[in-house]
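Trainee: What follows is a structure written as structure tokens; I'll ask about it next.
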Amino acid sequence: MGKSLNVNATFIPSESLRRNFAEVKAGMRPMEAIEESNRCLYCYDAPCIKACPTGINIPSFIKKIASGNMLGSARAIMDANPVGATCARVCPTEELCEGACVLNHSSKPIMIGDLQRYATDWAIKNEQMLFTAGHSNGMAVAVIGGGPAGLSAARELARFGFAVTIFEAREQAGGLDTYGIVSFRLPQSISLWEVEQVRKLGVDIRTGVRVGTDISTAELLEQYDAVVLAIGMSKVPMLGIDGEQLEGVYDAIDFVEVTKTEIKTDLVGKRTAVIGAGNTAVDAATCSVRLGASNVKMVYRRTNEEMTAYDFEFEFAKQDGVEFEWLTAPVRIIGDENGRVKGLECIKMRLEASEDGGRKLPVPVKGSNFTLAVEAVIKAIGQTRHLSLIEQLGIEHKRGIVTVDPDTYQTSNPHIYAAGDVIFGEGQGEAMVVSAAQQGKLTAYSIYNTLSAGRERYG
Amino acid sequence: MADLRINLAGICSPNPFWLASAPPTNTGYQVQRAFEAGWGGAVWKTLGDPIINTSSRFAAVHFNGQRVAGFNNIELITDRPLEVNLKEIYETKKRFPNHALVVSLMVEPKREKWHEIVKKVEAIGVDGLELNFGCPHGMAERGMGAASGQQPDLVEMQTMWVKEAAKTPVIVKLTPNITDITTTAKAAVRGGADAISLINTINSLAGVDIDTWNTIPHVGGKGAHGGYCGPAVKPIALNMVAECARSPEVGVPISGIGGISSWRDAVEFLLMGSTGVQVCTAAMHHGFSIVEDMIDGLNNYLDGKDLHSVNELIGRSVERYSDWGDLDLNYAVVARIEQDNCIVCNKCHIACEDTSHQCIERHTDVNGNGYLKVREEDCVGCNLCSIVCPVEGAISMIEIPTGELPLSWNQRQAAIGATGSGNDSEDSGKKEAV
Ligand SMILES: Cc1cc2nc3c(=O)[nH]c(=O)nc-3n(C[C@H](O)[C@H](O)[C@H](O)COP(=O)(O)OP(=O)(O)OC[C@H]3O[C@@H](n4cnc5c(N)ncnc54)[C@H](O)[C@@H]3O)c2cc1C
Ligand SMILES: Cc1cc2nc3c(=O)[nH]c(=O)nc-3n(C[C@H](O)[C@H](O)[C@H](O)COP(=O)(O)O)c2cc1C
Ligand code: SF4
Ligand code: SF4
Ligand code: SF4
């Protein structure tokens, strides 16, 4: 992949950089889709279904591709997963559905993600409206945050007949699908189509409204029968080292976000260090390559064994020519006389068994300091929480991780539910689009079951 | 959401998908599971004097890595006592009053035998009867099944006996092991059949094991012919359905059977004159849940065509099915290759070169890349190249205006007869089939 990228020059027009951000993987061609869909065994009680957090009926949607029922196929996917088109592109399928495919034992797994993309692409291209809203039940729900968790909850609630309002701080809904996941894996248009599908069910999506600032939490709690908190996580935390304020130091999330809408040329020819080794760090690194950085190094205090990025992400980074500084921690960022980054001082680490037998601990190796000559530093060491809003709502949380009842998704205030990244952490859930979608769905079912007590239960 | 309900000779069902009389409809447990899964009707496994089945019964033909292109069996009718079946039929009907429950019957060709079983079955409340004149093995050796189904007079007489006693609609299930299916179809109608269903299985031997030299399947080293069904038989079944549908002397509703595996297959049978369809092999291969996509796909298809009811499809292609002598000899198509889609496998070239009319030329372009071109003036429009072409959209068969008025063989012969000139002219000679 690295070969075809337009990089390694000191000046590159932004137009050619833009091409670097076009979706890397082509969609399946009709013949591939037919061959692949007919290869699926249509297993009974299929393990792939169980491995999908949203429980998409995979053999069913694949059979529908084979039978030429494309509308039915897209509907089967989107029914279980309101962001199924996004998930077709960003799910770590080898750890989920494809990893569970029985054909791993006898041949090659079915390319479930690609088939899912084939079917949802068809729906997008043919401008299909897949669902209809339920009859109004007279109740109203506010959803704070229009990311995958919020959209998913809103869509299911609308299908139950609730009047749903999404309050979204940003200009567009979709959350990290719209602003956070790199374009060459997920074009923004896909996420925005999913937003449109929800809007067309009559969900009032009020963008540009930050709850807690533009509208008070008290107002929401008063006006709505239930509130769903789906605000995700926030910025990357401070490293707590010297030089973080220098020009040329970026927050990985902000950094990736800019590339979703505009392509800047300020990284062209620069040596770049990315601190961290999660999926966000990999995304920041591959984005840097595509923005023309002359050399990109990922700096991580543990080794590739411990890195949290998925294998396919790691592979992707290697293919893009990203280099790795394992067992290395940043000590300070060095600036030049103009306040611009010119280097990153690091120290070597070694891993020691932890006393409680948990993850090995990195310990600095005395005197091993060295400096990497870089002109840009991107921080990707996790995400902070929207603490102030959580505190305003007065709900229980552990360091910003909102506590919920695992069955009902209710917070300590029974009118407030929470789903998605806002409840991720402390061994609770996984920060993935697909789990956010599932939690959003389950939250909607829980609200339905609670508020329409006495009626038929769901889920 | 289109209306999928059908009414076949007075038998109503919520959708056109029924399970055929076969192992899937052997017991109440199975039929009830099938109805829960969405099947609109079921024809109960054939009742009669219980028989003994062999162990090792089925075999299949797998084609180039795809399993079950065809399916072969030497199973007979039900091997369970009549009373047990009747009790389960009763329970099933009670639980699913709106689904079509038809019971298949087969007894010796004796009037009292038919009267007796018809009365017993109808007494428990069923929606219709299907007479199995089709089973090609085992039962035939006892003068039943295909043995009686191959003799029009026996078909007619037994149907009549059944009609004497029956109060519910009677469907006669035909065997395909006969030269002209309409002969027995007409006999059934003469006997008073309210509907016909076809096809039952086709005489077959699935294979021979080239290591052990045993037949496939074999029972302790011995084999016997079985009945063939599954996707491979669909074209045979479709033709037989169409022949019955276009025969004015048949004129009763048709329940189409044979190789139906998807909603698309079902649509084809409906267009060719079936009021509903029955399925066996596809359910045996994948389980009852396949009906979900059959219903969903049919529904989306009808919506896409702006049709409100599945009944609007029935028989719509029948008038387009005719005799060879009525085809227009002046109609012409030629193959055309869409270069953008062609992957240059040269399969069309060699097919035409070796086995058709030597009119696909191989060329090299200025860049040294191969490409293919049809010499249209020599192309007879046989379709072979477009059949062997592995990619969608690379070869299309294009209609060529000949500037001549339509003329069929029959019209031509009539015209020749009228003018008294029997000599074939060279130009039309090449269009004749032999
Ligand atoms: C760079 C990056 C790459 C990733 N790649 C993948 C991947 O490949 N595969 C994968 O499965 N997952 C990936 N993830 C994780 C995934 O994006 C998240 O798990 C998922 O988006 C969480 O969904 P959410 O709805 O909980 O939160 P978000 O997507 O963060 O959405 C929260 C929304 O709430 C809004 N909001 C916040 N505060 C307020 C407020 N006060 N008022 C109104 N609105 C507010 C935000 O603007 C945002 O739109 C990635 C994450 C990042 C950062
Ligand atoms: C194992 C097996 C048993 C069958 N038994 C009967 C039967 O008892 N009565 C009958 O009318 N048809 C019987 N059939 C024929 C089927 O009902 C059906 O006509 C045939 O299989 C064609 O349909 P298909 O291609 O969908 O399988 C049997 C078929 C199979 C495969
Ligand atoms: S496990 Fe694999 S083969 Fe089986 S249904 Fe799922 S995708 Fe198809
Ligand atoms: S399917 Fe297999 S296990 Fe079941 S009865 Fe037949 S041979 Fe036995
Ligand atoms: S068979 Fe089809 S793909 Fe192959 S050379 Fe001919 S036109 Fe091209």
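Just so we're on the same page: first chain in the structure tokens is A, next is B, and so on; residues restart at 1 for each chain, and ligands are numbered from 1 in the order they show up.
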Please return as a ChimeraX atom specification the residues found within 7 Å of ligand 2, counting only C-alpha atoms and all ligand atoms.
Mentor: /B:20-23,45-46,58,71-73,75-78,104,132,134-135,173,198-201,229-231,233-234,257-260,278-282
Trainee: Write the selection just made, keeping N, CA, C and O atoms, as a compact mmCIF listing (two decimals), in the first residue's frame?
Mentor:
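Output contents, as saved in part_5.txt:
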# COMPACT_ATOMS: atom_id res chain seq x y z
N ALA B 20 -43.18 -29.99 0.30
CA ALA B 20 -43.69 -31.13 -0.46
C ALA B 20 -43.75 -32.36 0.43
O ALA B 20 -43.06 -32.45 1.45
N SER B 21 -44.57 -33.29 0.04
CA SER B 21 -44.71 -34.55 0.77
C SER B 21 -43.38 -35.31 0.70
O SER B 21 -42.96 -35.76 -0.37
N ALA B 22 -42.72 -35.42 1.83
CA ALA B 22 -41.36 -35.98 1.85
C ALA B 22 -40.90 -35.99 3.32
O ALA B 22 -41.68 -35.63 4.20
N PRO B 23 -39.64 -36.34 3.58
CA PRO B 23 -39.20 -36.39 4.97
C PRO B 23 -39.49 -35.12 5.79
O PRO B 23 -39.80 -35.23 6.98
N LYS B 45 -46.30 -36.25 4.50
CA LYS B 45 -45.63 -37.44 3.96
C LYS B 45 -46.68 -38.50 3.61
O LYS B 45 -47.58 -38.79 4.41
N THR B 46 -46.56 -39.06 2.42
CA THR B 46 -47.61 -39.94 1.88
C THR B 46 -48.05 -41.05 2.86
O THR B 46 -47.21 -41.80 3.38
N PHE B 58 -30.43 -42.00 0.88
CA PHE B 58 -30.24 -40.81 0.06
C PHE B 58 -28.84 -40.78 -0.54
O PHE B 58 -27.91 -41.40 -0.02
N PHE B 71 -30.33 -34.45 -5.92
CA PHE B 71 -30.54 -35.30 -4.74
C PHE B 71 -31.30 -36.53 -5.18
O PHE B 71 -32.18 -36.46 -6.03
N ASN B 72 -30.92 -37.66 -4.60
CA ASN B 72 -31.47 -38.93 -5.05
C ASN B 72 -31.92 -39.72 -3.83
O ASN B 72 -31.25 -39.70 -2.81
N ASN B 73 -33.08 -40.40 -3.93
CA ASN B 73 -33.52 -41.16 -2.75
C ASN B 73 -34.21 -42.45 -3.12
O ASN B 73 -34.78 -42.57 -4.20
N GLU B 75 -36.25 -43.73 -0.67
CA GLU B 75 -37.18 -43.84 0.46
C GLU B 75 -38.59 -44.10 -0.08
O GLU B 75 -38.93 -43.68 -1.18
N LEU B 76 -39.40 -44.76 0.74
CA LEU B 76 -40.78 -45.01 0.31
C LEU B 76 -41.73 -44.06 1.02
O LEU B 76 -41.32 -43.01 1.48
N ILE B 77 -42.99 -44.46 1.11
CA ILE B 77 -43.97 -43.60 1.79
C ILE B 77 -43.80 -43.74 3.29
O ILE B 77 -42.83 -44.33 3.76
N THR B 78 -44.73 -43.21 4.07
CA THR B 78 -44.56 -43.20 5.52
C THR B 78 -44.33 -44.60 6.07
O THR B 78 -44.89 -45.58 5.58
N SER B 104 -51.03 -36.39 1.63
CA SER B 104 -50.72 -37.20 0.46
C SER B 104 -51.12 -38.65 0.71
O SER B 104 -50.90 -39.18 1.81
N ASN B 132 -50.59 -39.49 -4.57
CA ASN B 132 -49.21 -39.73 -5.00
C ASN B 132 -49.17 -40.82 -6.07
O ASN B 132 -49.15 -42.00 -5.76
N GLY B 134 -46.71 -40.89 -8.13
CA GLY B 134 -45.42 -40.52 -8.69
C GLY B 134 -44.22 -41.27 -8.20
O GLY B 134 -43.22 -41.35 -8.89
N CYS B 135 -44.25 -41.81 -6.99
CA CYS B 135 -43.05 -42.41 -6.43
C CYS B 135 -42.48 -43.46 -7.38
O CYS B 135 -43.15 -44.41 -7.74
N LYS B 173 -50.79 -35.72 -7.93
CA LYS B 173 -49.36 -35.47 -8.12
C LYS B 173 -48.81 -36.39 -9.20
O LYS B 173 -48.93 -37.61 -9.13
N LEU B 198 -46.80 -31.15 -9.72
CA LEU B 198 -45.72 -31.82 -10.42
C LEU B 198 -44.46 -30.97 -10.29
O LEU B 198 -44.57 -29.76 -10.15
N ILE B 199 -43.32 -31.72 -10.22
CA ILE B 199 -43.12 -33.12 -10.54
C ILE B 199 -42.73 -33.90 -9.28
O ILE B 199 -42.21 -33.33 -8.33
N ASN B 200 -42.96 -35.19 -9.33
CA ASN B 200 -42.35 -36.08 -8.36
C ASN B 200 -40.93 -36.36 -8.88
O ASN B 200 -40.47 -35.69 -9.80
N THR B 201 -40.26 -37.31 -8.29
CA THR B 201 -38.84 -37.50 -8.63
C THR B 201 -38.64 -38.28 -9.93
O THR B 201 -39.51 -39.03 -10.37
N CYS B 229 -34.16 -35.33 -7.57
CA CYS B 229 -34.81 -34.04 -7.34
C CYS B 229 -33.73 -33.03 -7.01
O CYS B 229 -32.55 -33.30 -7.16
N GLY B 230 -34.12 -31.85 -6.54
CA GLY B 230 -33.13 -30.82 -6.22
C GLY B 230 -32.89 -29.89 -7.41
O GLY B 230 -33.47 -30.07 -8.48
N PRO B 231 -31.97 -28.90 -7.23
CA PRO B 231 -31.77 -27.85 -8.24
C PRO B 231 -31.63 -28.38 -9.67
O PRO B 231 -32.11 -27.77 -10.62
N VAL B 233 -33.08 -30.65 -11.26
CA VAL B 233 -34.29 -31.06 -12.00
C VAL B 233 -35.20 -29.88 -12.34
O VAL B 233 -36.21 -30.05 -13.02
N LYS B 234 -34.84 -28.69 -11.88
CA LYS B 234 -35.74 -27.56 -12.07
C LYS B 234 -36.16 -27.33 -13.52
O LYS B 234 -37.35 -27.15 -13.80
N ILE B 257 -43.57 -28.09 -8.44
CA ILE B 257 -42.56 -28.75 -7.60
C ILE B 257 -41.37 -29.13 -8.45
O ILE B 257 -41.54 -29.55 -9.60
N GLY B 258 -40.19 -29.06 -7.86
CA GLY B 258 -39.00 -29.59 -8.53
C GLY B 258 -37.86 -28.59 -8.56
O GLY B 258 -37.84 -27.67 -9.36
N GLY B 259 -36.94 -28.75 -7.61
CA GLY B 259 -35.72 -27.95 -7.63
C GLY B 259 -35.88 -26.53 -7.15
O GLY B 259 -34.99 -25.70 -7.36
N ILE B 260 -36.98 -26.21 -6.54
CA ILE B 260 -37.18 -24.82 -6.09
C ILE B 260 -36.37 -24.57 -4.82
O ILE B 260 -36.55 -25.27 -3.82
N GLN B 278 -44.10 -26.13 -4.14
CA GLN B 278 -43.73 -27.05 -3.06
C GLN B 278 -42.22 -27.27 -3.11
O GLN B 278 -41.63 -27.27 -4.18
N VAL B 279 -41.65 -27.46 -1.93
CA VAL B 279 -40.20 -27.57 -1.80
C VAL B 279 -39.84 -28.76 -0.93
O VAL B 279 -40.48 -28.99 0.10
N CYS B 280 -38.85 -29.51 -1.36
CA CYS B 280 -38.36 -30.60 -0.52
C CYS B 280 -36.85 -30.50 -0.32
O CYS B 280 -36.37 -30.25 0.77
N THR B 281 -36.08 -30.66 -1.40
CA THR B 281 -34.62 -30.77 -1.25
C THR B 281 -34.00 -29.55 -0.57
O THR B 281 -33.14 -29.69 0.30
N ALA B 282 -34.41 -28.35 -0.97
CA ALA B 282 -33.79 -27.15 -0.40
C ALA B 282 -33.98 -27.12 1.12
O ALA B 282 -33.08 -26.74 1.86
Trainee: When the cut-off is 7 Å and you count only C-alpha atoms and all ligand atoms, which residues lie near ligand 1, shown as a ChimeraX atom specification?
Mentor: /A:87,90-92,144-150,167-170,173-177,180-182,209-212,230-233,253,256,279-280,283,386,389,419-422,431-434,436
Trainee: Which neighbours of B:Ala100 fall inside 7 Å, counting only C-alpha atoms, when residues of the same chain fewer than 6 positions from it are skipped, and could you give them as a PyMOL selection string?
Mentor: chain B and resi 11-13+40-42+127
Trainee: For ligand 4, list the contacting residues at 12 Å or closer, counting only C-alpha atoms and all ligand atoms, as a PDB file with N, CA, C and O atoms, in the first residue's frame.
Mentor:
ATOM      1  N   PRO B  23     -39.642 -36.340   3.578  1.00  0.00           N
ATOM      2  CA  PRO B  23     -39.198 -36.391   4.971  1.00  0.00           C
ATOM      3  C   PRO B  23     -39.490 -35.119   5.793  1.00  0.00           C
ATOM      4  O   PRO B  23     -39.798 -35.233   6.984  1.00  0.00           O
ATOM      5  N   PRO B  24     -39.401 -33.924   5.223  1.00  0.00           N
ATOM      6  CA  PRO B  24     -39.671 -32.739   6.060  1.00  0.00           C
ATOM      7  C   PRO B  24     -41.082 -32.704   6.641  1.00  0.00           C
ATOM      8  O   PRO B  24     -41.333 -31.983   7.609  1.00  0.00           O
ATOM      9  N   THR B  54     -35.345 -48.831   3.800  1.00  0.00           N
ATOM     10  CA  THR B  54     -33.981 -49.356   3.891  1.00  0.00           C
ATOM     11  C   THR B  54     -33.125 -48.378   4.672  1.00  0.00           C
ATOM     12  O   THR B  54     -33.458 -47.202   4.806  1.00  0.00           O
ATOM     13  N   SER B  55     -32.019 -48.886   5.170  1.00  0.00           N
ATOM     14  CA  SER B  55     -31.056 -47.996   5.796  1.00  0.00           C
ATOM     15  C   SER B  55     -29.977 -47.733   4.773  1.00  0.00           C
ATOM     16  O   SER B  55     -29.516 -48.662   4.106  1.00  0.00           O
ATOM     17  N   SER B  56     -29.656 -46.417   4.687  1.00  0.00           N
ATOM     18  CA  SER B  56     -28.980 -45.817   3.556  1.00  0.00           C
ATOM     19  C   SER B  56     -30.067 -45.603   2.521  1.00  0.00           C
ATOM     20  O   SER B  56     -30.617 -46.550   1.956  1.00  0.00           O
ATOM     21  N   ARG B  57     -30.431 -44.359   2.340  1.00  0.00           N
ATOM     22  CA  ARG B  57     -31.581 -44.029   1.487  1.00  0.00           C
ATOM     23  C   ARG B  57     -31.301 -42.932   0.487  1.00  0.00           C
ATOM     24  O   ARG B  57     -31.922 -42.869  -0.559  1.00  0.00           O
ATOM     25  N   PHE B  58     -30.431 -42.003   0.885  1.00  0.00           N
ATOM     26  CA  PHE B  58     -30.244 -40.808   0.056  1.00  0.00           C
ATOM     27  C   PHE B  58     -28.842 -40.784  -0.542  1.00  0.00           C
ATOM     28  O   PHE B  58     -27.915 -41.402  -0.023  1.00  0.00           O
ATOM     29  N   ALA B  59     -28.717 -40.009  -1.577  1.00  0.00           N
ATOM     30  CA  ALA B  59     -27.403 -39.697  -2.137  1.00  0.00           C
ATOM     31  C   ALA B  59     -27.546 -38.359  -2.832  1.00  0.00           C
ATOM     32  O   ALA B  59     -28.661 -37.932  -3.114  1.00  0.00           O
ATOM     33  N   MET B 284     -34.371 -29.786   2.947  1.00  0.00           N
ATOM     34  CA  MET B 284     -33.536 -30.855   3.507  1.00  0.00           C
ATOM     35  C   MET B 284     -32.076 -30.425   3.572  1.00  0.00           C
ATOM     36  O   MET B 284     -31.322 -30.865   4.426  1.00  0.00           O
ATOM     37  N   HIS B 285     -31.670 -29.557   2.675  1.00  0.00           N
ATOM     38  CA  HIS B 285     -30.276 -29.109   2.644  1.00  0.00           C
ATOM     39  C   HIS B 285     -29.990 -28.046   3.706  1.00  0.00           C
ATOM     40  O   HIS B 285     -28.926 -28.033   4.310  1.00  0.00           O
ATOM     41  N   GLY B 287     -32.621 -26.581   6.085  1.00  0.00           N
ATOM     42  CA  GLY B 287     -33.540 -26.385   7.201  1.00  0.00           C
ATOM     43  C   GLY B 287     -34.705 -25.484   6.827  1.00  0.00           C
ATOM     44  O   GLY B 287     -34.710 -24.845   5.777  1.00  0.00           O
TER      45      GLY B 287
END
Trainee: DSSP on the backbone, strand (DSSP E) only: what residues of stretch 65-268 of chain B does that give? Format it as a ChimeraX atom specification.
Mentor: /B:66-73,100-105,128-132,170-173,195-198,202-204,207-208,215-216,226-229,254-257
Trainee: Step by step, measure atom-to-atom distances between ligand 5 and each residue using only C-alpha atoms and all ligand atoms, keep those at most 8 Å, then write them as a PDB file with N, CA and C atoms, in the first residue's frame.
Mentor:
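New file out.pdb:
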ATOM      1  N   ILE B 337     -19.237  -8.167 -27.753  1.00  0.00           N
ATOM      2  CA  ILE B 337     -18.368  -8.189 -26.572  1.00  0.00           C
ATOM      3  C   ILE B 337     -18.134  -6.767 -26.070  1.00  0.00           C
ATOM      4  N   GLU B 338     -18.392  -6.569 -24.815  1.00  0.00           N
ATOM      5  CA  GLU B 338     -18.142  -5.276 -24.183  1.00  0.00           C
ATOM      6  C   GLU B 338     -16.705  -5.309 -23.677  1.00  0.00           C
ATOM      7  N   GLN B 339     -15.805  -4.628 -24.395  1.00  0.00           N
ATOM      8  CA  GLN B 339     -14.370  -4.750 -24.102  1.00  0.00           C
ATOM      9  C   GLN B 339     -14.034  -4.375 -22.660  1.00  0.00           C
ATOM     10  N   ASN B 341     -15.574  -4.909 -19.966  1.00  0.00           N
ATOM     11  CA  ASN B 341     -15.866  -5.943 -18.966  1.00  0.00           C
ATOM     12  C   ASN B 341     -15.154  -7.259 -19.240  1.00  0.00           C
ATOM     13  N   CYS B 342     -14.604  -7.390 -20.457  1.00  0.00           N
ATOM     14  CA  CYS B 342     -13.975  -8.650 -20.857  1.00  0.00           C
ATOM     15  C   CYS B 342     -12.650  -8.839 -20.111  1.00  0.00           C
ATOM     16  N   ILE B 343     -12.413 -10.036 -19.587  1.00  0.00           N
ATOM     17  CA  ILE B 343     -11.156 -10.306 -18.881  1.00  0.00           C
ATOM     18  C   ILE B 343     -10.201 -11.138 -19.752  1.00  0.00           C
ATOM     19  N   VAL B 344     -10.565 -11.312 -21.008  1.00  0.00           N
ATOM     20  CA  VAL B 344      -9.735 -12.002 -21.999  1.00  0.00           C
ATOM     21  C   VAL B 344      -9.312 -13.409 -21.553  1.00  0.00           C
ATOM     22  N   CYS B 345     -10.302 -14.182 -21.181  1.00  0.00           N
ATOM     23  CA  CYS B 345     -10.009 -15.575 -20.836  1.00  0.00           C
ATOM     24  C   CYS B 345     -10.036 -16.442 -22.101  1.00  0.00           C
ATOM     25  N   ASN B 346     -10.555 -15.889 -23.196  1.00  0.00           N
ATOM     26  CA  ASN B 346     -10.631 -16.582 -24.488  1.00  0.00           C
ATOM     27  C   ASN B 346     -11.570 -17.783 -24.504  1.00  0.00           C
ATOM     28  N   LYS B 347     -12.374 -17.910 -23.475  1.00  0.00           N
ATOM     29  CA  LYS B 347     -13.279 -19.073 -23.448  1.00  0.00           C
ATOM     30  C   LYS B 347     -14.350 -18.972 -24.532  1.00  0.00           C
ATOM     31  N   CYS B 348     -14.806 -17.772 -24.795  1.00  0.00           N
ATOM     32  CA  CYS B 348     -15.833 -17.623 -25.830  1.00  0.00           C
ATOM     33  C   CYS B 348     -15.241 -18.008 -27.191  1.00  0.00           C
ATOM     34  N   HIS B 349     -13.994 -17.577 -27.379  1.00  0.00           N
ATOM     35  CA  HIS B 349     -13.349 -17.870 -28.665  1.00  0.00           C
ATOM     36  C   HIS B 349     -13.285 -19.383 -28.898  1.00  0.00           C
ATOM     37  N   TYR B 371      -7.478  -8.890 -27.439  1.00  0.00           N
ATOM     38  CA  TYR B 371      -8.905  -8.601 -27.288  1.00  0.00           C
ATOM     39  C   TYR B 371      -9.675  -9.448 -28.288  1.00  0.00           C
ATOM     40  N   LEU B 372     -10.972  -9.572 -28.077  1.00  0.00           N
ATOM     41  CA  LEU B 372     -11.777 -10.440 -28.930  1.00  0.00           C
ATOM     42  C   LEU B 372     -12.890  -9.669 -29.601  1.00  0.00           C
ATOM     43  N   CYS B 385     -21.341 -18.508 -26.543  1.00  0.00           N
ATOM     44  CA  CYS B 385     -20.269 -17.698 -25.962  1.00  0.00           C
ATOM     45  C   CYS B 385     -20.747 -16.987 -24.707  1.00  0.00           C
ATOM     46  N   SER B 386     -21.973 -16.475 -24.737  1.00  0.00           N
ATOM     47  CA  SER B 386     -22.468 -15.747 -23.567  1.00  0.00           C
ATOM     48  C   SER B 386     -22.728 -16.710 -22.412  1.00  0.00           C
ATOM     49  N   VAL B 388     -20.725 -19.457 -21.805  1.00  0.00           N
ATOM     50  CA  VAL B 388     -19.448 -19.841 -21.195  1.00  0.00           C
ATOM     51  C   VAL B 388     -18.700 -18.648 -20.602  1.00  0.00           C
ATOM     52  N   CYS B 389     -19.063 -17.449 -20.996  1.00  0.00           N
ATOM     53  CA  CYS B 389     -18.370 -16.253 -20.494  1.00  0.00           C
ATOM     54  C   CYS B 389     -18.539 -16.154 -18.977  1.00  0.00           C
ATOM     55  N   PRO B 390     -17.423 -16.049 -18.258  1.00  0.00           N
ATOM     56  CA  PRO B 390     -17.519 -16.070 -16.794  1.00  0.00           C
ATOM     57  C   PRO B 390     -17.855 -14.729 -16.155  1.00  0.00           C
ATOM     58  N   VAL B 391     -17.862 -13.644 -16.905  1.00  0.00           N
ATOM     59  CA  VAL B 391     -18.135 -12.356 -16.256  1.00  0.00           C
ATOM     60  C   VAL B 391     -19.431 -11.721 -16.752  1.00  0.00           C
ATOM     61  N   ALA B 394     -20.044  -8.996 -20.103  1.00  0.00           N
ATOM     62  CA  ALA B 394     -19.002  -8.972 -21.130  1.00  0.00           C
ATOM     63  C   ALA B 394     -19.567  -9.326 -22.501  1.00  0.00           C
ATOM     64  N   ILE B 395     -20.491 -10.265 -22.551  1.00  0.00           N
ATOM     65  CA  ILE B 395     -21.096 -10.603 -23.844  1.00  0.00           C
ATOM     66  C   ILE B 395     -22.597 -10.363 -23.762  1.00  0.00           C
TER      67      ILE B 395
END
Trainee: Compile a residue-level contact table for chain A against ligand 3 at a cut-off of 7 Å, reporting for every qualifying residue the shortest atom pair and its distance in Å to one decimal, with only C-alpha atoms and all ligand atoms counted, rows ordered by chain and ascending number, as JSON lines.
Mentor:
{"residue": "A:Cys40", "atom": "CA", "partner": "ligand 3", "partner_atom_place_in_ligand_line": "8 (Fe)", "distance": 3.9}
{"residue": "A:Leu41", "atom": "CA", "partner": "ligand 3", "partner_atom_place_in_ligand_line": "3 (S)", "distance": 4.2}
{"residue": "A:Tyr42", "atom": "CA", "partner": "ligand 3", "partner_atom_place_in_ligand_line": "5 (S)", "distance": 4.2}
{"residue": "A:Cys43", "atom": "CA", "partner": "ligand 3", "partner_atom_place_in_ligand_line": "5 (S)", "distance": 4.2}
{"residue": "A:Ala46", "atom": "CA", "partner": "ligand 3", "partner_atom_place_in_ligand_line": "5 (S)", "distance": 5.2}
{"residue": "A:Pro47", "atom": "CA", "partner": "ligand 3", "partner_atom_place_in_ligand_line": "1 (S)", "distance": 5.4}
{"residue": "A:Cys48", "atom": "CA", "partner": "ligand 3", "partner_atom_place_in_ligand_line": "6 (Fe)", "distance": 4.5}
{"residue": "A:Ile49", "atom": "CA", "partner": "ligand 3", "partner_atom_place_in_ligand_line": "6 (Fe)", "distance": 6.7}
{"residue": "A:Ile58", "atom": "CA", "partner": "ligand 3", "partner_atom_place_in_ligand_line": "6 (Fe)", "distance": 6.0}
{"residue": "A:Pro59", "atom": "CA", "partner": "ligand 3", "partner_atom_place_in_ligand_line": "5 (S)", "distance": 4.3}
{"residue": "A:Glu98", "atom": "CA", "partner": "ligand 3", "partner_atom_place_in_ligand_line": "7 (S)", "distance": 6.9}
{"residue": "A:Ala100", "atom": "CA", "partner": "ligand 3", "partner_atom_place_in_ligand_line": "1 (S)", "distance": 6.3}
{"residue": "A:Cys101", "atom": "CA", "partner": "ligand 3", "partner_atom_place_in_ligand_line": "1 (S)", "distance": 3.6}
{"residue": "A:Val102", "atom": "CA", "partner": "ligand 3", "partner_atom_place_in_ligand_line": "1 (S)", "distance": 4.5}
{"residue": "A:Leu103", "atom": "CA", "partner": "ligand 3", "partner_atom_place_in_ligand_line": "2 (Fe)", "distance": 5.7}
{"residue": "A:Pro109", "atom": "CA", "partner": "ligand 3", "partner_atom_place_in_ligand_line": "2 (Fe)", "distance": 6.1}
{"residue": "A:Ile110", "atom": "CA", "partner": "ligand 3", "partner_atom_place_in_ligand_line": "7 (S)", "distance": 5.1}
{"residue": "A:Ile112", "atom": "CA", "partner": "ligand 3", "partner_atom_place_in_ligand_line": "7 (S)", "distance": 6.2}
Trainee: Name all residues at most 9 Å from A:Thr93 (count only C-alpha atoms; drop same-chain ones fewer than 6 positions away) and give them as a ChimeraX atom specification.
Mentor: /A:52,99,111-113
Trainee: Any idea which chain A residues end up within 12 Å of chain B if we count only C-alpha atoms, as a count of residues only please?
Mentor: 35
Trainee: Of the candidates B:Ala224, B:Cys379, B:Val291, B:Ile202, which shows the shortest atom-to-atom distance to B:Gly70, using only C-alpha atoms?
Mentor: B:Ile202
Trainee: Env of A:Tyr250: 10 Å cut, atoms = only C-alpha atoms, seq-sep filter 5 positions within chain, self excluded. Answer as a ChimeraX atom specification.
Mentor: /A:236,244-245,255-256,274,284,376-380
